[in-house]
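A.B. asks: Got a file for you: target-v1.cif, mmCIF, C-alpha atoms.
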data_coords
loop_
_atom_site.label_atom_id
_atom_site.label_comp_id
_atom_site.auth_asym_id
_atom_site.auth_seq_id
_atom_site.Cartn_x
_atom_site.Cartn_y
_atom_site.Cartn_z
CA MET A 609 -47.30 19.60 6.02
CA THR A 610 -50.20 18.65 3.75
CA LEU A 611 -50.73 20.01 0.25
CA HIS A 612 -54.09 19.60 -1.47
CA LEU A 613 -53.86 19.51 -5.27
CA ASP A 614 -56.85 19.57 -7.55
CA LEU A 615 -55.76 18.58 -11.06
CA LEU A 616 -57.72 19.86 -14.06
CA ARG A 617 -56.97 18.70 -17.57
CA HIS A 618 -57.54 21.17 -20.36
CA GLY A 619 -60.61 20.62 -22.52
CA GLU A 620 -60.91 19.79 -26.18
CA THR A 621 -58.61 21.82 -28.44
CA GLU A 622 -59.05 23.34 -31.88
CA CYS A 623 -56.60 20.92 -33.48
CA GLY A 624 -58.16 17.81 -31.94
CA GLY A 625 -56.51 14.85 -30.28
CA GLY A 626 -53.34 12.96 -30.85
CA PHE A 627 -49.88 13.84 -29.60
CA ARG A 628 -50.23 17.60 -29.04
CA GLY A 629 -47.29 17.89 -26.62
CA SER A 630 -45.75 21.33 -26.82
CA LEU A 631 -48.03 22.55 -29.63
CA ASP A 632 -49.87 25.63 -28.40
CA ASP A 633 -53.48 24.93 -29.38
CA ALA A 634 -56.40 27.02 -28.18
CA LEU A 635 -59.54 25.53 -26.62
CA THR A 636 -62.75 25.03 -28.55
CA ALA A 637 -66.01 26.34 -27.08
CA ALA A 638 -66.78 22.74 -26.08
CA GLY A 639 -63.36 22.46 -24.41
CA ARG A 640 -63.96 25.61 -22.39
CA ALA A 641 -67.41 24.27 -21.40
CA GLN A 642 -65.82 20.98 -20.24
CA MET A 643 -63.49 22.90 -17.92
CA GLN A 644 -66.27 25.18 -16.66
CA ALA A 645 -68.44 22.17 -15.83
CA ALA A 646 -65.58 20.48 -13.96
CA THR A 647 -64.84 23.53 -11.82
CA ALA A 648 -68.38 24.81 -11.25
CA ALA A 649 -68.86 23.05 -7.89
CA ALA A 650 -65.18 22.58 -7.04
CA GLY A 651 -62.82 24.62 -4.88
CA PRO A 652 -62.32 26.78 -3.01
CA TRP A 653 -58.66 27.24 -3.90
CA ASP A 654 -55.93 29.45 -2.51
CA LEU A 655 -53.90 29.56 -5.72
CA LEU A 656 -54.23 28.54 -9.38
CA VAL A 657 -51.14 27.11 -11.05
CA SER A 658 -51.15 26.50 -14.79
CA SER A 659 -49.08 25.24 -17.66
CA PRO A 660 -48.18 28.25 -19.83
CA LEU A 661 -49.67 26.62 -22.94
CA ARG A 662 -52.84 28.39 -24.13
CA ARG A 663 -55.12 25.39 -23.77
CA CYS A 664 -54.47 25.61 -20.01
CA ALA A 665 -53.39 29.19 -19.29
CA ASP A 666 -56.28 30.97 -21.05
CA PHE A 667 -58.91 29.18 -18.95
CA ALA A 668 -56.81 29.46 -15.78
CA ALA A 669 -56.58 33.24 -16.25
CA GLU A 670 -60.36 33.50 -16.69
CA LEU A 671 -61.01 31.34 -13.61
CA ALA A 672 -58.49 33.27 -11.51
CA ALA A 673 -60.09 36.58 -12.48
CA ALA A 674 -63.62 35.27 -11.80
CA HIS A 675 -62.65 34.07 -8.30
CA ASP A 676 -60.14 36.83 -7.50
CA LEU A 677 -57.35 34.29 -7.07
CA PRO A 678 -53.64 34.57 -7.78
CA LEU A 679 -52.40 32.71 -10.86
CA GLN A 680 -48.92 31.28 -11.26
CA LEU A 681 -47.71 29.96 -14.63
CA GLU A 682 -45.39 26.98 -14.17
CA ALA A 683 -43.38 25.95 -17.24
CA ASP A 684 -42.50 22.58 -15.70
CA LEU A 685 -46.18 21.55 -15.84
CA ARG A 686 -46.11 21.53 -19.66
CA GLU A 687 -47.02 18.36 -21.51
CA LEU A 688 -44.41 15.83 -22.62
CA HIS A 689 -42.69 16.94 -25.84
CA PHE A 690 -43.33 14.21 -28.42
CA GLY A 691 -40.68 15.29 -30.93
CA ALA A 692 -41.40 14.01 -34.46
CA TRP A 693 -44.78 12.71 -33.25
CA GLU A 694 -46.08 16.20 -32.35
CA GLY A 695 -49.39 16.89 -34.10
CA ARG A 696 -49.88 13.29 -35.21
CA ASN A 697 -52.37 10.73 -33.94
CA ALA A 698 -52.04 7.04 -33.16
CA SER A 699 -53.74 5.87 -36.38
CA GLU A 700 -51.22 7.86 -38.49
CA LEU A 701 -48.34 6.44 -36.48
CA MET A 702 -49.68 2.90 -36.92
CA HIS A 703 -48.87 3.34 -40.62
CA SER A 704 -45.55 5.16 -40.33
CA ASP A 705 -44.04 3.98 -37.01
CA ALA A 706 -46.12 1.09 -35.64
CA GLU A 707 -43.11 -0.50 -33.95
CA GLY A 708 -42.15 2.70 -32.14
CA LEU A 709 -45.72 3.42 -31.10
CA GLY A 710 -46.08 -0.12 -29.74
CA ARG A 711 -42.86 0.20 -27.77
CA PHE A 712 -43.99 3.56 -26.37
CA TRP A 713 -47.39 2.16 -25.30
CA ASP A 714 -45.71 -0.89 -23.70
CA ASP A 715 -43.29 1.16 -21.60
CA PRO A 716 -43.01 4.91 -22.23
CA TYR A 717 -39.93 5.07 -19.99
CA ALA A 718 -38.08 2.60 -22.20
CA PHE A 719 -38.85 4.23 -25.57
CA THR A 720 -38.70 7.92 -26.51
CA PRO A 721 -40.40 9.16 -29.69
CA PRO A 722 -37.85 10.42 -32.25
CA ASP A 723 -36.47 13.81 -31.11
CA GLY A 724 -38.85 13.68 -28.13
CA GLU A 725 -38.41 14.26 -24.42
CA PRO A 726 -37.55 11.11 -22.45
CA VAL A 727 -40.34 10.30 -19.99
CA ALA A 728 -37.78 10.07 -17.17
CA ASP A 729 -36.82 13.72 -17.87
CA PHE A 730 -40.50 14.69 -18.05
CA GLU A 731 -41.10 12.95 -14.71
CA ALA A 732 -38.18 14.78 -13.07
CA ARG A 733 -39.45 18.11 -14.41
CA VAL A 734 -43.05 17.59 -13.24
CA LEU A 735 -42.13 16.14 -9.84
CA GLY A 736 -39.67 18.99 -9.33
CA ALA A 737 -42.49 21.48 -9.88
CA VAL A 738 -44.77 19.62 -7.47
CA GLU A 739 -42.01 19.50 -4.85
CA ARG A 740 -41.49 23.27 -5.16
CA LEU A 741 -45.25 23.78 -4.76
CA ARG A 742 -45.28 21.52 -1.72
CA ARG A 743 -42.44 23.48 -0.15
CA ASP A 744 -43.87 26.92 -0.98
CA CYS A 745 -47.59 26.24 -0.53
CA ALA A 746 -47.85 23.68 2.29
CA GLY A 747 -51.19 23.78 4.06
CA ARG A 748 -52.95 25.31 1.05
CA ARG A 749 -55.30 24.05 -1.64
CA LEU A 750 -54.19 24.54 -5.23
CA LEU A 751 -55.76 23.97 -8.61
CA LEU A 752 -53.25 22.79 -11.23
CA VAL A 753 -54.51 23.39 -14.78
CA THR A 754 -52.43 21.07 -16.89
CA HIS A 755 -52.25 18.23 -19.41
CA GLY A 756 -53.15 14.57 -19.68
CA GLY A 757 -49.54 13.37 -19.39
CA VAL A 758 -48.86 15.43 -16.27
CA MET A 759 -52.05 14.16 -14.66
CA ARG A 760 -51.33 10.53 -15.64
CA LEU A 761 -47.91 10.82 -14.00
CA LEU A 762 -49.25 12.31 -10.75
CA LEU A 763 -52.24 9.94 -10.56
CA ALA A 764 -50.06 6.88 -11.26
CA ARG A 765 -47.79 7.91 -8.42
CA ALA A 766 -50.73 8.47 -6.04
CA ARG A 767 -52.16 5.07 -7.02
CA GLY A 768 -48.80 3.32 -6.57
CA LEU A 769 -48.74 2.01 -10.15
CA PRO A 770 -45.55 0.64 -11.72
CA ARG A 771 -44.02 3.04 -14.21
CA GLU A 772 -44.81 0.89 -17.26
CA HIS A 773 -48.54 1.34 -16.45
CA LEU A 774 -48.38 5.13 -16.83
CA LEU A 775 -50.33 5.19 -20.10
CA GLN A 776 -53.07 2.97 -18.66
CA VAL A 777 -54.24 5.87 -16.49
CA THR A 778 -57.24 7.46 -18.20
CA VAL A 779 -57.74 11.23 -17.99
CA ALA A 780 -60.55 12.73 -20.08
CA HIS A 781 -60.59 16.29 -21.41
CA GLY A 782 -61.84 18.58 -18.66
CA ALA A 783 -61.37 15.89 -15.97
CA LEU A 784 -60.86 17.04 -12.38
CA HIS A 785 -59.01 14.81 -9.88
CA ARG A 786 -57.98 15.48 -6.29
CA LEU A 787 -54.75 14.55 -4.54
CA ARG A 788 -53.54 14.95 -0.98
CA LEU A 789 -49.78 15.03 -0.45
CA ASP A 790 -48.55 14.33 3.09
CA GLY A 791 -44.77 14.07 2.83
CA PRO A 792 -44.01 10.92 0.85
CA ASP A 793 -47.64 9.75 1.16
CA TRP A 794 -49.69 10.68 -1.91
CA ARG A 795 -53.39 9.81 -2.02
CA GLU A 796 -56.10 10.31 -4.57
CA LEU A 797 -59.30 11.54 -2.93
#
Please, can you express the file's structure as structure tokens?
C.D. replies:
Amino acid sequence: MTLHLDLLRHGETECGGGFRGSLDDALTAAGRAQMQAATAAAGPWDLLVSSPLRRCADFAAELAAAHDLPLQLEADLRELHFGAWEGRNASELMHSDAEGLGRFWDDPYAFTPPDGEPVADFEARVLGAVERLRRDCAGRRLLLVTHGGVMRLLLARARGLPREHLLQVTVAHGALHRLRLDGPDWREL
């Protein structure tokens, strides 16, 4: 049975860009506005599912209350944990770990940041959550409020991209994308 997934990336956060991973940053006013603009003409949804991190869950709770929708927090939709790179940006890493950063950009499955979560484990976690949603919510339309890495993974799969191209998928803050899952057939709408 078909599952319709709308994917919403959190907006701009108080601590800015870079490798935020499991850091629990709040949204800025601009970040909240990005998400409001993305969802203003979207929907309707049967269920909102969100990462438990504040940059996702706070907005998801507000949206669920405004539309009288159930909200489910899903820990497996958290962002990739970047280990020692958490809170740092690419320009900093170019000075301290340029080789590692280059290897990660070339193939994130082949290189894990120091003390970070392997992308293969991240993929298994995220796809496991999506499979549970497909099983439990078939025939429904869901909004997933999540992170750039989660969305890159799901969009790359829907687009049939090779795994080493994962980081070439662009997902802006507050971006909304739509997927349709029909068994093994994933399509971006």
A.B. asks: Might I get the box with edges along x, y and z of the file that holds all atoms of region 614-633 of chain A listed there, padded by 4 Å on every side, given as centre and edge lengths in Å to one decimal, as lines of an AutoDock Vina configuration file?
C.D. replies:
center_x = -53.3
center_y = 19.3
center_z = -20.5
size_x = 23.2
size_y = 20.7
size_z = 33.9
A.B. asks: If the PyMOL selection byres ((chain A and resi 614) around 6) is run on the structure shown, which residues does it catch, given as a list in words?
C.D. replies: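 With the shown file as input, the PyMOL selection byres ((chain A and resi 614) around 6) matches Leu613, Leu615, Leu751, His785 and Arg786 of chain A.
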A.B. asks: Could you write those residues out with C-alpha atoms, as a PDB file, in the coordinates of the input?
C.D. replies:
ATOM      1  CA  LEU A 613     -53.860  19.510  -5.270  1.00  0.00           C
ATOM      2  CA  LEU A 615     -55.760  18.580 -11.060  1.00  0.00           C
ATOM      3  CA  LEU A 751     -55.760  23.970  -8.610  1.00  0.00           C
ATOM      4  CA  HIS A 785     -59.010  14.810  -9.880  1.00  0.00           C
ATOM      5  CA  ARG A 786     -57.980  15.480  -6.290  1.00  0.00           C
TER       6      ARG A 786
END
A.B. asks: So, counting only C-alpha atoms, which residue among A:Leu616, A:Ala645, A:Pro770, A:Leu709 is closest to Ala668 (chain A)?
C.D. replies: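 Smallest separation from Ala668 (chain A) among the options: A:Leu616.
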A.B. asks: Point out the residue among A:Glu694, A:Cys745, A:Asp633, A:Asp666 with the least atom-to-atom distance to Trp653 (chain A), counting only C-alpha atoms.
C.D. replies: A:Cys745
A.B. asks: Convert the output of the PyMOL selection byres ((chain A and resi 654-660) around 7) on the shown file into explicit residues, formatted as a PyMOL selection string.
C.D. replies: chain A and resi 652-653+661-662+664-665+668+672+677-683+685-686+748-754
A.B. asks: For Leu789 (chain A), list every protein, DNA or RNA residue within 9 Å, evaluated using all atoms listed in the file, and leave out those in the same chain fewer than 6 positions away; present the list as an NGL selection string.
C.D. replies: :A and (609-613 or 742 or 766 or 795-796)
A.B. asks: Only C-alpha atoms, please: the residues just picked out, written as a PDB file, in the coordinates of the input.
C.D. replies:
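Final output, saved to out38.pdb:
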ATOM      1  CA  MET A 609     -47.300  19.600   6.020  1.00  0.00           C
ATOM      2  CA  THR A 610     -50.200  18.650   3.750  1.00  0.00           C
ATOM      3  CA  LEU A 611     -50.730  20.010   0.250  1.00  0.00           C
ATOM      4  CA  HIS A 612     -54.090  19.600  -1.470  1.00  0.00           C
ATOM      5  CA  LEU A 613     -53.860  19.510  -5.270  1.00  0.00           C
ATOM      6  CA  ARG A 742     -45.280  21.520  -1.720  1.00  0.00           C
ATOM      7  CA  ALA A 766     -50.730   8.470  -6.040  1.00  0.00           C
ATOM      8  CA  ARG A 795     -53.390   9.810  -2.020  1.00  0.00           C
ATOM      9  CA  GLU A 796     -56.100  10.310  -4.570  1.00  0.00           C
TER      10      GLU A 796
END
A.B. asks: Go ahead and compute the interatomic distance for CA of Asp723 (chain A) and CA of His618 (chain A), in Å to one decimal.
C.D. replies: 24.8 Å
A.B. asks: As a check of understanding, name the residues that the PyMOL selection byres ((chain A and resi 726) around 12) selects in the supplied structure, as a PyMOL selection string.
C.D. replies: chain A and resi 687-691+712+715-725+727-733
A.B. asks: Nearest to Ala780 (chain A) among A:Ala706, A:Cys623, A:Leu797, A:Met759, with distances taken over all atoms listed in the file: which residue is it?
C.D. replies: A:Met759
A.B. asks: Mind giving me the straight-line distance from CA of Leu701 (chain A) to CA of Leu735 (chain A) in Å, one decimal?
C.D. replies: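 Computing it gives 29.0 Å between the two atoms.
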A.B. asks: For a quick check of understanding, using all atoms listed in the file, which of A:Leu741, A:Ala783, A:Leu763, A:Met702 has the smallest distance to Gln644 (chain A)?
C.D. replies: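 Ranked by minimum distance to Gln644 (chain A), first place goes to A:Ala783.
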A.B. asks: Which residue is closest to Leu784 (chain A)? Choose from A:Arg740, A:His755, A:Arg696, A:Arg663 and count only C-alpha atoms.
C.D. replies: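 Going through A:Arg740, A:His755, A:Arg696, A:Arg663 one by one, the smallest distance to Leu784 (chain A) is for A:His755.
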A.B. asks: Suppose you want the space between CA of Val779 (chain A) and CA of Arg617 (chain A); what is it in Å?
C.D. replies: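 About the pair CA of Val779 (chain A) and CA of Arg617 (chain A): they are 7.5 Å apart.
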A.B. asks: Near His781 (chain A), counting only C-alpha atoms, which residues have an atom at most 10 Å away, once you skip same-chain residues fewer than 5 positions from it, shown as a PDB file with C-alpha atoms, keeping the file's coordinate frame?
C.D. replies:
ATOM      1  CA  LEU A 616     -57.720  19.860 -14.060  1.00  0.00           C
ATOM      2  CA  ARG A 617     -56.970  18.700 -17.570  1.00  0.00           C
ATOM      3  CA  HIS A 618     -57.540  21.170 -20.360  1.00  0.00           C
ATOM      4  CA  GLY A 619     -60.610  20.620 -22.520  1.00  0.00           C
ATOM      5  CA  GLU A 620     -60.910  19.790 -26.180  1.00  0.00           C
ATOM      6  CA  THR A 621     -58.610  21.820 -28.440  1.00  0.00           C
ATOM      7  CA  GLY A 625     -56.510  14.850 -30.280  1.00  0.00           C
ATOM      8  CA  GLY A 639     -63.360  22.460 -24.410  1.00  0.00           C
ATOM      9  CA  ARG A 640     -63.960  25.610 -22.390  1.00  0.00           C
ATOM     10  CA  GLN A 642     -65.820  20.980 -20.240  1.00  0.00           C
ATOM     11  CA  MET A 643     -63.490  22.900 -17.920  1.00  0.00           C
ATOM     12  CA  ALA A 646     -65.580  20.480 -13.960  1.00  0.00           C
ATOM     13  CA  HIS A 755     -52.250  18.230 -19.410  1.00  0.00           C
ATOM     14  CA  GLY A 756     -53.150  14.570 -19.680  1.00  0.00           C
TER      15      GLY A 756
END
A.B. asks: For a quick check of understanding, using all atoms listed in the file, which of A:Asp632, A:Asp714, A:Glu739, A:Asp793 has the smallest distance to Leu775 (chain A)?
C.D. replies: A:Asp714
